[in-house]
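Student: Structure file structure05.cif (mmCIF, C-alpha atoms) is given on the next line.
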data_input
loop_
_atom_site.label_atom_id
_atom_site.label_comp_id
_atom_site.auth_asym_id
_atom_site.auth_seq_id
_atom_site.Cartn_x
_atom_site.Cartn_y
_atom_site.Cartn_z
CA MET A 1 115.36 92.87 68.23
CA ILE A 2 117.14 90.81 70.76
CA ALA A 3 118.90 92.94 73.30
CA SER A 4 120.95 90.29 75.00
CA VAL A 5 121.34 86.64 75.83
CA ALA A 6 122.72 85.11 78.98
CA VAL A 7 123.68 81.70 80.26
CA VAL A 8 123.59 81.18 84.00
CA GLY A 9 124.97 78.10 85.74
CA HIS A 10 123.19 75.95 88.22
CA GLN A 11 124.49 77.87 91.18
CA ASN A 12 123.30 81.08 89.58
CA ASN A 13 126.81 81.95 88.52
CA PRO A 14 127.02 83.76 85.17
CA LEU A 15 128.56 81.73 82.40
CA TYR A 16 127.99 83.91 79.41
CA LEU A 17 126.47 87.30 78.84
CA GLN A 18 126.36 89.12 75.56
CA SER A 19 124.45 92.18 74.48
CA PHE A 20 123.55 92.93 70.90
CA THR A 21 122.52 96.56 71.08
CA GLU A 22 125.08 99.29 71.53
CA ALA A 23 122.60 101.75 72.90
CA ASP A 24 121.90 100.20 76.27
CA ASP A 25 124.70 99.69 78.67
CA ALA A 26 125.69 96.29 79.88
CA LEU A 27 124.98 97.00 83.52
CA LYS A 28 121.29 97.52 82.95
CA LEU A 29 121.08 94.25 81.11
CA HIS A 30 122.95 92.55 83.92
CA HIS A 31 120.33 93.82 86.34
CA ILE A 32 117.46 92.63 84.23
CA VAL A 33 119.00 89.19 83.93
CA HIS A 34 119.57 89.10 87.64
CA CYS A 35 115.97 89.91 88.47
CA SER A 36 114.77 87.27 86.07
CA LEU A 37 116.77 84.66 87.94
CA ASP A 38 114.52 85.19 90.93
CA VAL A 39 111.49 84.60 88.79
CA ILE A 40 112.97 81.36 87.52
CA ASP A 41 113.68 80.13 91.01
CA GLU A 42 110.16 80.92 92.00
CA ARG A 43 108.73 79.04 89.05
CA VAL A 44 110.91 76.01 89.63
CA ASN A 45 110.27 75.70 93.31
CA ASN A 46 106.58 76.48 93.43
CA PRO A 47 104.80 75.08 90.42
CA LYS A 48 101.53 76.85 89.87
CA LYS A 49 99.67 73.97 88.37
CA SER A 50 100.05 70.24 88.96
CA VAL A 51 103.33 68.40 89.39
CA LEU A 52 103.61 67.82 85.65
CA THR A 53 104.84 71.31 84.95
CA LEU A 54 107.81 70.65 87.18
CA ASN A 55 109.52 69.10 84.21
CA GLU A 56 109.07 71.68 81.48
CA SER A 57 112.24 73.04 79.94
CA PHE A 58 110.83 76.15 78.30
CA LEU A 59 109.73 78.55 81.00
CA GLY A 60 108.15 81.16 78.78
CA LEU A 61 107.78 84.85 79.44
CA LEU A 62 109.30 85.61 82.78
CA TYR A 63 109.27 89.27 83.28
CA PRO A 64 107.78 92.03 81.16
CA THR A 65 109.20 95.45 81.95
CA GLU A 66 108.36 98.72 80.25
CA SER A 67 110.50 98.13 77.19
CA TYR A 68 111.78 94.57 77.47
CA LYS A 69 110.53 91.05 77.65
CA VAL A 70 112.60 88.29 79.21
CA TYR A 71 112.21 84.65 78.24
CA GLY A 72 113.71 81.74 80.12
CA TYR A 73 114.69 78.15 79.39
CA LEU A 74 115.95 75.57 81.82
CA THR A 75 118.10 72.60 80.88
CA ASN A 76 118.34 69.29 82.64
CA THR A 77 121.42 70.35 84.52
CA LYS A 78 119.78 73.45 85.96
CA VAL A 79 121.64 75.69 83.54
CA LYS A 80 119.43 78.59 82.60
CA PHE A 81 119.25 80.42 79.31
CA LEU A 82 117.78 83.92 79.29
CA MET A 83 116.83 86.05 76.37
CA VAL A 84 115.98 89.74 76.59
CA THR A 85 114.11 91.17 73.66
CA THR A 86 112.78 94.59 72.85
CA ASP A 87 110.10 93.34 70.51
CA LEU A 88 106.61 93.41 71.86
CA ASN A 89 105.00 90.94 69.51
CA VAL A 90 107.23 87.89 69.39
CA LYS A 91 105.54 84.56 68.83
CA ASP A 92 105.98 81.74 71.28
CA ALA A 93 107.07 79.31 68.57
CA ASP A 94 109.83 81.65 67.44
CA VAL A 95 111.23 81.86 70.93
CA ARG A 96 111.09 78.10 71.36
CA SER A 97 113.03 77.48 68.17
CA PHE A 98 115.51 80.16 69.19
CA PHE A 99 116.12 78.39 72.46
CA ARG A 100 116.51 75.09 70.68
CA ARG A 101 119.32 76.49 68.58
CA PHE A 102 120.76 78.19 71.61
CA HIS A 103 120.79 74.86 73.40
CA ALA A 104 122.55 73.18 70.48
CA ALA A 105 125.29 75.82 70.46
CA TYR A 106 125.62 75.52 74.22
CA VAL A 107 125.97 71.73 74.12
CA ASP A 108 128.68 72.05 71.52
CA ALA A 109 130.53 74.60 73.62
CA VAL A 110 130.35 72.43 76.73
CA SER A 111 131.51 69.28 74.91
CA ASN A 112 134.85 70.96 74.50
CA PRO A 113 137.23 68.91 76.69
CA PHE A 114 139.07 72.05 77.64
CA HIS A 115 136.00 73.71 78.99
CA VAL A 116 135.80 73.57 82.75
CA PRO A 117 132.19 73.29 83.84
CA GLY A 118 131.34 76.19 86.09
CA LYS A 119 133.67 78.66 84.44
CA LYS A 120 132.74 81.23 81.85
CA ILE A 121 132.36 80.01 78.30
CA ALA A 122 135.34 81.42 76.50
CA SER A 123 134.80 79.87 73.12
CA ARG A 124 134.89 82.26 70.19
CA THR A 125 132.96 79.79 68.07
CA PHE A 126 130.14 79.92 70.56
CA ALA A 127 130.09 83.71 70.40
CA LYS A 128 130.01 83.63 66.61
CA ARG A 129 127.24 81.06 66.53
CA MET A 130 125.21 83.04 69.01
CA SER A 131 125.51 86.19 66.88
CA GLY A 132 124.39 84.17 63.89
CA ILE A 133 121.39 82.77 65.74
CA VAL A 134 120.41 86.17 67.06
CA LYS A 135 120.65 87.72 63.61
CA GLY A 136 118.49 84.97 62.22
CA PHE A 137 115.81 85.57 64.78
CA SER A 138 113.09 87.97 63.78
CA PRO A 139 109.38 88.04 64.53
CA GLY A 140 107.13 86.72 61.85
CA THR A 141 109.49 83.97 60.77
CA ASN A 142 109.10 80.51 62.12
CA GLY A 143 112.50 78.97 62.86
CA MET B 1 128.05 54.79 70.37
CA ILE B 2 130.97 52.39 70.39
CA GLY B 3 130.55 50.34 67.24
CA VAL B 4 129.71 46.74 67.67
CA GLY B 5 128.49 46.09 64.16
CA LYS B 6 130.39 45.29 61.04
CA ILE B 7 131.53 47.93 58.61
CA LYS B 8 129.51 47.97 55.41
CA GLN B 9 131.63 48.92 52.45
CA TYR B 10 130.02 50.91 49.71
CA SER B 11 131.53 50.27 46.31
CA ASN B 12 130.62 53.69 45.10
CA VAL B 13 130.78 56.69 47.39
CA LEU B 14 127.67 58.07 45.69
CA ASP B 15 125.67 55.17 47.07
CA LYS B 16 126.24 56.12 50.65
CA PRO B 17 123.11 57.31 52.39
CA LEU B 18 122.85 61.00 53.03
CA SER B 19 121.85 60.42 56.60
CA ARG B 20 123.32 62.12 59.64
CA GLY B 21 126.20 59.74 59.35
CA ARG B 22 127.07 56.77 61.46
CA GLN B 23 126.76 57.38 65.12
CA GLU B 24 129.36 54.80 65.86
CA VAL B 25 132.97 54.83 66.84
CA SER B 26 135.10 51.84 66.08
CA LEU B 27 135.50 49.51 69.04
CA SER B 28 139.18 48.93 68.39
CA ALA B 29 139.93 52.63 68.31
CA PHE B 30 138.22 53.06 71.64
CA ALA B 31 139.93 49.98 73.12
CA PHE B 32 143.34 51.31 72.15
CA LEU B 33 142.58 54.77 73.49
CA PHE B 34 141.23 53.38 76.75
CA SER B 35 144.20 51.09 77.25
CA GLU B 36 146.51 54.07 76.72
CA LEU B 37 144.49 56.02 79.27
CA VAL B 38 144.86 53.25 81.83
CA GLN B 39 148.56 52.85 81.14
CA TYR B 40 149.18 56.57 81.38
CA SER B 41 147.30 56.81 84.64
CA GLN B 42 149.32 53.93 85.99
CA THR B 43 152.55 55.83 85.51
CA GLN B 44 151.15 58.80 87.40
CA VAL B 45 149.96 57.10 90.56
CA ASP B 46 151.44 55.04 93.35
CA ASN B 47 148.57 52.85 94.39
CA ILE B 48 145.39 51.28 93.15
CA ALA B 49 142.99 53.60 94.89
CA GLU B 50 144.56 56.56 93.13
CA LEU B 51 144.30 54.78 89.80
CA GLU B 52 140.64 54.12 90.34
CA ARG B 53 140.08 57.73 91.28
CA ARG B 54 141.78 59.01 88.15
CA LEU B 55 139.71 56.80 85.91
CA GLU B 56 136.60 57.88 87.73
CA ASP B 57 137.46 61.55 87.34
CA ALA B 58 137.99 61.03 83.64
CA GLY B 59 134.59 59.39 83.46
CA TYR B 60 133.00 62.20 85.44
CA ALA B 61 133.90 64.76 82.78
CA VAL B 62 132.44 62.49 80.11
CA GLY B 63 129.27 61.99 82.10
CA ALA B 64 128.63 65.68 82.56
CA ARG B 65 128.87 66.30 78.82
CA VAL B 66 126.85 63.25 77.88
CA LEU B 67 124.03 64.51 80.05
CA GLU B 68 123.95 67.88 78.30
CA LEU B 69 124.09 66.23 74.90
CA LEU B 70 121.35 63.72 75.60
CA CYS B 71 119.04 66.28 77.09
CA HIS B 72 119.34 68.30 73.99
CA ARG B 73 118.88 65.39 71.60
CA GLU B 74 115.82 63.91 73.27
CA LYS B 75 112.95 65.64 71.55
CA GLY B 76 110.34 65.67 74.23
CA ASN B 77 112.71 65.86 77.11
CA ARG B 78 111.51 66.69 80.53
CA ARG B 79 113.76 67.39 83.43
CA GLU B 80 114.07 64.35 85.64
CA THR B 81 113.25 65.15 89.20
CA ARG B 82 112.41 61.71 90.54
CA LEU B 83 114.91 59.09 91.55
CA LEU B 84 113.43 56.27 89.51
CA GLY B 85 113.18 58.59 86.54
CA ILE B 86 116.84 59.47 86.51
CA LEU B 87 117.85 55.87 87.18
CA SER B 88 115.90 54.50 84.26
CA PHE B 89 117.26 57.35 82.13
CA VAL B 90 120.82 56.26 82.95
CA HIS B 91 119.97 52.61 82.60
CA SER B 92 118.43 52.81 79.15
CA THR B 93 119.18 56.06 77.34
CA VAL B 94 122.72 56.70 78.48
CA TRP B 95 123.70 53.08 78.08
CA LYS B 96 122.14 52.91 74.65
CA VAL B 97 124.01 55.98 73.45
CA LEU B 98 127.33 54.90 74.89
CA PHE B 99 127.34 51.15 74.42
CA GLY B 100 124.65 50.45 71.86
CA LYS B 101 122.34 48.51 74.14
CA VAL B 102 120.52 48.99 77.41
CA ALA B 103 122.14 47.80 80.62
CA ASP B 104 121.37 44.25 81.67
CA SER B 105 119.56 45.01 84.87
CA LEU B 106 118.70 47.65 87.41
CA GLU B 107 118.10 46.57 90.98
CA LYS B 108 117.39 48.18 94.26
CA GLY B 109 119.72 47.28 97.08
CA THR B 110 118.20 45.23 99.84
CA GLU B 111 120.36 46.31 102.71
CA HIS B 112 120.19 50.09 102.44
CA GLU B 113 117.49 52.42 101.23
CA ASP B 114 119.85 54.54 99.18
CA GLU B 115 121.63 51.86 97.17
CA TYR B 116 120.88 50.85 93.61
CA MET B 117 122.77 48.58 91.27
CA ILE B 118 123.15 48.45 87.52
CA SER B 119 124.59 45.16 86.34
CA GLU B 120 126.16 44.15 83.13
CA LYS B 121 127.37 40.74 82.10
CA GLU B 122 130.49 42.25 80.67
CA LEU B 123 131.29 45.92 80.46
CA LEU B 124 132.35 46.99 77.00
CA VAL B 125 135.33 48.87 78.39
CA ASN B 126 136.55 45.72 80.12
CA ARG B 127 136.31 43.50 77.10
CA PHE B 128 139.95 43.61 76.19
CA ILE B 129 141.31 44.04 79.69
CA SER B 130 142.43 41.38 82.10
CA ILE B 131 143.42 42.40 85.59
CA PRO B 132 146.69 40.93 86.90
CA LYS B 133 146.38 39.02 90.16
CA ASP B 134 148.37 41.49 92.21
CA MET B 135 145.90 44.26 91.57
CA GLY B 136 143.29 42.65 93.71
CA ALA B 137 139.83 44.01 93.29
CA PHE B 138 140.58 46.78 90.83
CA ASN B 139 138.05 47.21 88.07
CA CYS B 140 138.50 49.39 85.01
CA GLY B 141 134.77 49.83 85.17
CA ALA B 142 135.67 52.72 87.44
CA PHE B 143 135.60 54.73 84.23
CA VAL B 144 131.96 53.82 83.66
CA ALA B 145 131.23 54.47 87.32
CA GLY B 146 132.65 57.94 86.79
CA ILE B 147 130.39 58.48 83.79
CA VAL B 148 127.34 57.52 85.83
CA ARG B 149 128.43 59.81 88.64
CA GLY B 150 128.86 62.67 86.17
CA VAL B 151 125.37 62.17 84.81
CA LEU B 152 123.77 61.92 88.24
CA ASP B 153 125.67 64.90 89.61
CA GLY B 154 124.75 67.07 86.67
CA ALA B 155 121.11 66.17 87.02
CA GLY B 156 121.10 67.12 90.68
CA PHE B 157 121.40 63.71 92.35
CA PRO B 158 124.76 63.60 94.10
CA ALA B 159 125.87 60.04 94.63
CA VAL B 160 128.87 57.83 95.24
CA VAL B 161 129.27 55.36 92.41
CA THR B 162 131.63 52.39 92.37
CA ALA B 163 132.20 49.38 90.17
CA HIS B 164 132.51 45.85 91.53
CA PHE B 165 133.02 42.38 90.25
CA VAL B 166 130.38 39.94 91.37
CA PRO B 167 131.25 36.30 90.77
CA MET B 168 128.41 34.29 89.29
CA GLU B 169 128.06 30.53 89.48
CA GLY B 170 128.11 28.85 86.16
CA GLN B 171 129.98 31.65 84.41
CA GLN B 172 133.68 32.01 83.95
CA ARG B 173 133.94 35.76 84.08
CA PRO B 174 132.38 37.60 86.96
CA ARG B 175 129.51 39.98 86.34
CA THR B 176 130.20 43.68 86.78
CA THR B 177 127.96 45.72 89.00
CA ILE B 178 127.85 49.49 89.27
CA LEU B 179 126.80 50.37 92.78
CA ILE B 180 125.10 53.74 93.22
CA LYS B 181 124.75 55.17 96.69
CA PHE B 182 122.75 58.36 96.81
CA ALA B 183 123.48 61.21 99.16
CA GLU B 184 121.25 62.06 102.11
CA GLU B 185 119.68 65.10 100.53
CA VAL B 186 118.47 63.11 97.54
CA LEU B 187 116.54 60.72 99.76
CA ARG B 188 115.10 63.59 101.77
CA ARG B 189 113.95 65.34 98.63
CA GLU B 190 112.53 62.14 97.25
CA SER B 191 110.46 61.50 100.34
CA ARG B 192 109.31 65.12 100.30
CA LEU B 193 108.13 64.78 96.71
CA GLY B 194 106.10 61.84 97.77
CA GLY B 195 108.26 59.00 96.42
#
Starting from the file, lay out its structure as structure tokens.
Tutor:
Amino acid sequence: MIASVAVVGHQNNPLYLQSFTEADDALKLHHIVHCSLDVIDERVNNPKKSVLTLNESFLGLLYPTESYKVYGYLTNTKVKFLMVTTDLNVKDADVRSFFRRFHAAYVDAVSNPFHVPGKKIASRTFAKRMSGIVKGFSPGTNG
Amino acid sequence: MIGVGKIKQYSNVLDKPLSRGRQEVSLSAFAFLFSELVQYSQTQVDNIAELERRLEDAGYAVGARVLELLCHREKGNRRETRLLGILSFVHSTVWKVLFGKVADSLEKGTEHEDEYMISEKELLVNRFISIPKDMGAFNCGAFVAGIVRGVLDGAGFPAVVTAHFVPMEGQQRPRTTILIKFAEEVLRRESRLGG
């Protein structure tokens, strides 16, 4: 079950935040997303292995807390996608394909000539597509 | 990609391939739209520098979106962090997507460390445009310069990009050069990364 997704701009400004569970309140999810941003910055600025990993887009599991896991993805323009899930046994491949679809929806939203880069994404189509992608995501299926 | 090929007519619509569809836009449609853009900008400004800036700003928005789109389409994409990497990305991939071919040449400036030049024998956007004499050195390639600036800015390489005409001996029309001058911080980062 995906708890929420978030898009954060390259100056760490929030561009889109949506939660898919009614139980948890939005503030807590905001906090989790915020903490994960620090982890991303750390990963980007200090690569653990050789220089090659500097260029990876999919950042993998960022931050396991007691009931959530947070996955991150970085685009070429330093826009970050974050996904908070409550499932404890998600497969890596599932998450990667989820982010791929997420990226496609994001590119379509940004190509809108009326979208000002740096402001929140206000497109209803994007919100609908995201709900569709999140509904289609479940562990055990591949893509 | 702005279409440079011929249109192939299918006699029967059932014969058309079920591919992703043609990735091309008709050249004439673009030429008309671009000429309208230039004419409209001309009515809004008082001098040439303003006109160039408006075209460049229009290109900047295009560049930012093209970058997002290309990064998503490239299957094995890695984030470009090196100067030469992003320059060759602009020079081949971006040019190929926009104009259907790679740019003619990419050179490093001899006078300054931070200058690079992409040259093109004739920019596609300039093909149907002739500049009147009283406009001096104005180049509608400012639109393309704006696109390049949008791509570089989005990727984290702030730069000042301009378009110039460079007269060539033996050719009637001058060659167009896009001059890219990177900001200080880019050079510092590049030297820190060991460039």
Student: Which residues are close to region 116-122 of chain A, i.e. within 8 Å by all atoms listed in the file, leaving aside same-chain residues fewer than 3 positions away? Reply as a PyMOL selection string.
Tutor: chain A and resi 9+13-16+109-110+113
Student: Can you list what the PyMOL selection byres ((chain A and resi 72) around 6) grabs from this structure, as a tab-separated table (two decimals) with C-alpha atoms, in the frame of the given file?
Tutor:
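Writing done, so here's result.tsv:
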chain	number	residue	atom	x	y	z
A	59	LEU	CA	109.73	78.55	81.00
A	60	GLY	CA	108.15	81.16	78.78
A	71	TYR	CA	112.21	84.65	78.24
A	73	TYR	CA	114.69	78.15	79.39
A	81	PHE	CA	119.25	80.42	79.31
A	82	LEU	CA	117.78	83.92	79.29
Student: Return as a list in words the set of residues that the PyMOL selection byres ((chain A and resi 101) around 12) yields on the displayed structure.
Tutor: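 After applying the PyMOL selection byres ((chain A and resi 101) around 12), what remains is Tyr73, Phe81, Asp94, Val95, Arg96, Ser97, Phe98, Phe99, Arg100, Phe102, His103, Ala104, Ala105, Tyr106, Val107, Asp108, Phe126, Arg129, Met130, Ser131, Gly132, Ile133, Val134, Gly136, Phe137 and Gly143 of chain A; His72 and Arg73 of chain B.
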Student: Which residues fall under the PyMOL selection byres ((chain A and resi 36) around 9) in this file, as a PDB file with C-alpha atoms, in the coordinates of the input?
Tutor:
ATOM      1  CA  HIS A  31     120.330  93.820  86.340  1.00  0.00           C
ATOM      2  CA  ILE A  32     117.460  92.630  84.230  1.00  0.00           C
ATOM      3  CA  VAL A  33     119.000  89.190  83.930  1.00  0.00           C
ATOM      4  CA  HIS A  34     119.570  89.100  87.640  1.00  0.00           C
ATOM      5  CA  CYS A  35     115.970  89.910  88.470  1.00  0.00           C
ATOM      6  CA  LEU A  37     116.770  84.660  87.940  1.00  0.00           C
ATOM      7  CA  ASP A  38     114.520  85.190  90.930  1.00  0.00           C
ATOM      8  CA  VAL A  39     111.490  84.600  88.790  1.00  0.00           C
ATOM      9  CA  ILE A  40     112.970  81.360  87.520  1.00  0.00           C
ATOM     10  CA  ASP A  41     113.680  80.130  91.010  1.00  0.00           C
ATOM     11  CA  LEU A  62     109.300  85.610  82.780  1.00  0.00           C
ATOM     12  CA  TYR A  63     109.270  89.270  83.280  1.00  0.00           C
ATOM     13  CA  VAL A  70     112.600  88.290  79.210  1.00  0.00           C
ATOM     14  CA  TYR A  71     112.210  84.650  78.240  1.00  0.00           C
ATOM     15  CA  GLY A  72     113.710  81.740  80.120  1.00  0.00           C
ATOM     16  CA  LEU A  82     117.780  83.920  79.290  1.00  0.00           C
TER      17      LEU A  82
END
Student: Restrict the distance test to all atoms listed in the file, flag each residue of chain B within 10 Å of chain A, and return the flagged residues as a list in words.
Tutor: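 The selection requested is Ala61, Val62, Ala64, Arg65, Val66, Leu67, Glu68, Leu69, Leu70, Cys71, His72, Arg73, Gly76, Asn77, Arg78, Arg79, Glu80, Thr81, Val151, Leu152, Asp153, Gly154, Ala155, Gly156 and Leu193 of chain B.
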Student: Using C-alpha atoms, can you write the selected residues to a file as a PDB file, in the frame of the given file?
Tutor:
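New file selection_2.pdb:
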ATOM      1  CA  ALA B  61     133.900  64.760  82.780  1.00  0.00           C
ATOM      2  CA  VAL B  62     132.440  62.490  80.110  1.00  0.00           C
ATOM      3  CA  ALA B  64     128.630  65.680  82.560  1.00  0.00           C
ATOM      4  CA  ARG B  65     128.870  66.300  78.820  1.00  0.00           C
ATOM      5  CA  VAL B  66     126.850  63.250  77.880  1.00  0.00           C
ATOM      6  CA  LEU B  67     124.030  64.510  80.050  1.00  0.00           C
ATOM      7  CA  GLU B  68     123.950  67.880  78.300  1.00  0.00           C
ATOM      8  CA  LEU B  69     124.090  66.230  74.900  1.00  0.00           C
ATOM      9  CA  LEU B  70     121.350  63.720  75.600  1.00  0.00           C
ATOM     10  CA  CYS B  71     119.040  66.280  77.090  1.00  0.00           C
ATOM     11  CA  HIS B  72     119.340  68.300  73.990  1.00  0.00           C
ATOM     12  CA  ARG B  73     118.880  65.390  71.600  1.00  0.00           C
ATOM     13  CA  GLY B  76     110.340  65.670  74.230  1.00  0.00           C
ATOM     14  CA  ASN B  77     112.710  65.860  77.110  1.00  0.00           C
ATOM     15  CA  ARG B  78     111.510  66.690  80.530  1.00  0.00           C
ATOM     16  CA  ARG B  79     113.760  67.390  83.430  1.00  0.00           C
ATOM     17  CA  GLU B  80     114.070  64.350  85.640  1.00  0.00           C
ATOM     18  CA  THR B  81     113.250  65.150  89.200  1.00  0.00           C
ATOM     19  CA  VAL B 151     125.370  62.170  84.810  1.00  0.00           C
ATOM     20  CA  LEU B 152     123.770  61.920  88.240  1.00  0.00           C
ATOM     21  CA  ASP B 153     125.670  64.900  89.610  1.00  0.00           C
ATOM     22  CA  GLY B 154     124.750  67.070  86.670  1.00  0.00           C
ATOM     23  CA  ALA B 155     121.110  66.170  87.020  1.00  0.00           C
ATOM     24  CA  GLY B 156     121.100  67.120  90.680  1.00  0.00           C
ATOM     25  CA  LEU B 193     108.130  64.780  96.710  1.00  0.00           C
TER      26      LEU B 193
END
Student: Skipping near chain neighbours, those fewer than 5 positions away, what residues fall within 6 Å of region 137-148 of chain B using all atoms listed in the file, listed as number ranges by chain?
Tutor: B: 52, 55-56, 59-60, 62-63, 161-163
Student: Find the distance between CA of Ala49 (chain B) and CA of Leu179 (chain B) and write it in Å to one decimal.
Tutor: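 One can read the CA of Ala49 (chain B) to CA of Leu179 (chain B) distance as 16.6 Å.
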Student: For CA of Asn126 (chain B) and CA of Phe114 (chain A), quote the distance in Å rounded to one decimal.
Tutor: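 The value is 26.6 Å.
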Student: What does the distance between CA of Thr86 (chain A) and CA of Thr65 (chain A) come to in Å, to one decimal place?
Tutor: 9.8 Å
Student: Closest to Phe32 (chain B) among B:Phe182, B:Phe165, B:Phe128, B:Phe89, using only C-alpha atoms?
Tutor: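 Checking each candidate against Phe32 (chain B), we get B:Phe128 as the closest.
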Student: Padding 6 Å on each side, edges along x, y and z: where is the centre of the box around the listed atoms of region 120-126 of chain B, and how long are its edges in Å to one decimal? Output it as JSON.
Tutor:
{"center_x": 131.4, "center_y": 44.8, "center_z": 80.1, "size_x": 22.4, "size_y": 20.1, "size_z": 18.1}
Student: Would you mind telling me which residue in B:Thr177, B:Val160, B:Arg189, B:Ala31 lies nearest to Arg53 (chain B) when using all atoms listed in the file?
Tutor: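 Looking only at the distances to Arg53 (chain B), the closest residue turns out to be B:Val160.
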